[in-house]
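Written below as structure tokens is the structure these notes are about.
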Amino acid sequence: MTPAERDRLDREYNARASVPSFEAEYARYVAASAQAVSSLERVADLAYDPASGQTLDLYPAGRGSPLFLWIHGGYWRALSKDDNAFPALGLVPNGVSVAVMNYGLAPAIHLDEIVRQTRAALAWLHANAGRYGLDARRLHVGGSSAGGHLGGMLLAEGWHTGFDLPGDAVASALLLSGLMDLEPLRHTHINGWMGLDAAAARRNSPLHLIPRRSESLLLSSVGGLESDAFKAQTFAFTDAWTGAGHAARRIAMPGYNHFDIALSLSEADGTLARAVAAAC
């Protein structure tokens, strides 16, 4: 790969540089999440994985409600459940309970372990939904950017048995601007903290792990103001998903950037919140 091509990829995958002020975008995440914490019922710091001690917060919407697991972005090295509680603002009023998880962050934790923790969170929610009056048969997931990647890894096949989880546990997945093929990232500044070799990138790329059979509905979207690289990642995964015969719905979000597309989940009457509620 030429230096010019590497420079192009660095620009295309530099999400923070794609908006006038990342600090302003992040401040909106924090403010909306604080509103969720202060205004909604919350069961905080539930330990879902004894091996790592990682925790999640639960925002219940009522007995028998479906459950949506939100997986934060941040290029696997930043953010947390505390600044990503905002989806509960839009989904709980629509009758959807929300869980927001932490996971270990790179570079201290390798991506293989981050994926394992995400799968452990899904398995814990499936096993414990009844304890909180939630419907384990209606378990949905979602995430943005790196969180979209991790949501995609939950759609892969072949891992469920090790977590005592049925293969059809995920009813739908809202994947926003997901990083579905990690090979390009190996040639960018991002690999400075990810440390992926070709094999690790391949085994952790949802694009190469499309299941042969799946009942999961893919809700796929990318902001219209995002870079060509993020759009291409989303479109390629959606095409592969439907090409395998699986159900998908593309959701157009033309006026949104890499960050406020996820934040729009805080709007109960917004496009994404309505799409999730309809899938539930």
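Residue numbers start at 1 in each chain; chains themselves are named A, B, ... in the order of the structure tokens; ligands are numbered from 1 in the order shown.
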
Could you build a table of the residues in stretch 190-221 of chain A lying no more than 9 Å from stretch 97-117 of chain A, giving for each the nearest pair of atoms and their separation in Å rounded to one decimal place, using only C-alpha atoms, ordered by chain and ascending residue number, as JSON lines?
{"residue": "A:Gly192", "atom": "CA", "partner": "A:Pro107", "partner_atom": "CA", "distance": 8.6}
{"residue": "A:Trp193", "atom": "CA", "partner": "A:Pro107", "partner_atom": "CA", "distance": 5.0}
{"residue": "A:Met194", "atom": "CA", "partner": "A:Pro107", "partner_atom": "CA", "distance": 6.0}
{"residue": "A:Gly195", "atom": "CA", "partner": "A:Pro107", "partner_atom": "CA", "distance": 7.8}
{"residue": "A:Leu196", "atom": "CA", "partner": "A:Leu111", "partner_atom": "CA", "distance": 8.2}
{"residue": "A:Ala200", "atom": "CA", "partner": "A:Asp112", "partner_atom": "CA", "distance": 7.8}
{"residue": "A:Arg203", "atom": "CA", "partner": "A:Asp112", "partner_atom": "CA", "distance": 8.8}
{"residue": "A:Asn204", "atom": "CA", "partner": "A:Asp112", "partner_atom": "CA", "distance": 7.3}

Open item on the list: Could you list, as a list in words, every residue within 10 Å of A:Leu179, counting only C-alpha atoms and ignoring same-chain residues fewer than 6 positions away?
Closed with: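 Listed by chain and then number, they are Tyr13, Tyr75, Ser144, Ser145, Ala146, Gly147, Gly148, His149, Leu150, Gly152, Leu185, Ser205, Pro206, Leu207, Ala229, Phe230, Lys231, Ala232, Gln233, Thr234 and Phe237 of chain A.
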
Go ahead and save the picked residues with C-alpha atoms, as a CSV table (one decimal), in the first residue's frame.
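Output below, filename part-v5.csv:
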chain,number,residue,atom,x,y,z
A,13,TYR,CA,-11.5,6.5,9.2
A,75,TYR,CA,-12.9,2.8,18.4
A,144,SER,CA,-22.5,2.5,16.6
A,145,SER,CA,-19.1,2.4,14.9
A,146,ALA,CA,-17.0,0.0,17.0
A,147,GLY,CA,-20.2,-0.9,18.8
A,148,GLY,CA,-21.7,-1.6,15.4
A,149,HIS,CA,-18.8,-4.0,14.8
A,150,LEU,CA,-19.4,-5.7,18.1
A,152,GLY,CA,-22.1,-7.6,14.0
A,185,LEU,CA,-7.9,-0.5,9.7
A,205,SER,CA,-14.6,-9.1,10.8
A,206,PRO,CA,-18.4,-9.6,10.7
A,207,LEU,CA,-18.3,-9.2,6.9
A,229,ALA,CA,-15.3,4.5,4.0
A,230,PHE,CA,-18.0,4.2,6.7
A,231,LYS,CA,-20.7,4.2,4.1
A,232,ALA,CA,-18.9,1.4,2.1
A,233,GLN,CA,-18.5,-0.7,5.3
A,234,THR,CA,-22.3,-0.4,6.1
A,237,PHE,CA,-22.3,-5.8,5.2

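Between A:Gly224 and the candidates A:Ser177, A:Asn191, A:Ser264, A:Ser80, the tightest atom-to-atom separation, counting only C-alpha atoms, involves A:Ser177.
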
Open item on the list: Quick one: residues within 12 Å of A:Thr271, only C-alpha atoms, excluding same-chain residues fewer than 4 positions away - as a list in words?
Closed with: Gly90, Leu91, Leu174, Leu219, Ser221, Arg250, Ile251, Ala252, Met253, Pro254, Tyr256, Ile261, Ala262, Leu263, Ser264, Leu265, Ser266, Glu267, Ala275, Val276, Ala277 and Ala278 of chain A

Task: Contacts of A:Gly158 at 12 Å (only C-alpha atoms; same-chain gap of 3+ positions) as a ChimeraX atom specification - done: /A:119,153-155,161-168,209-214

TODO: Point out the residue among A:Val170, A:Leu176, A:Arg186, A:Asp239 with the least atom-to-atom distance to A:Ser220, counting only C-alpha atoms.
DONE: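 For A:Ser220, the nearest of the candidates is A:Leu176.
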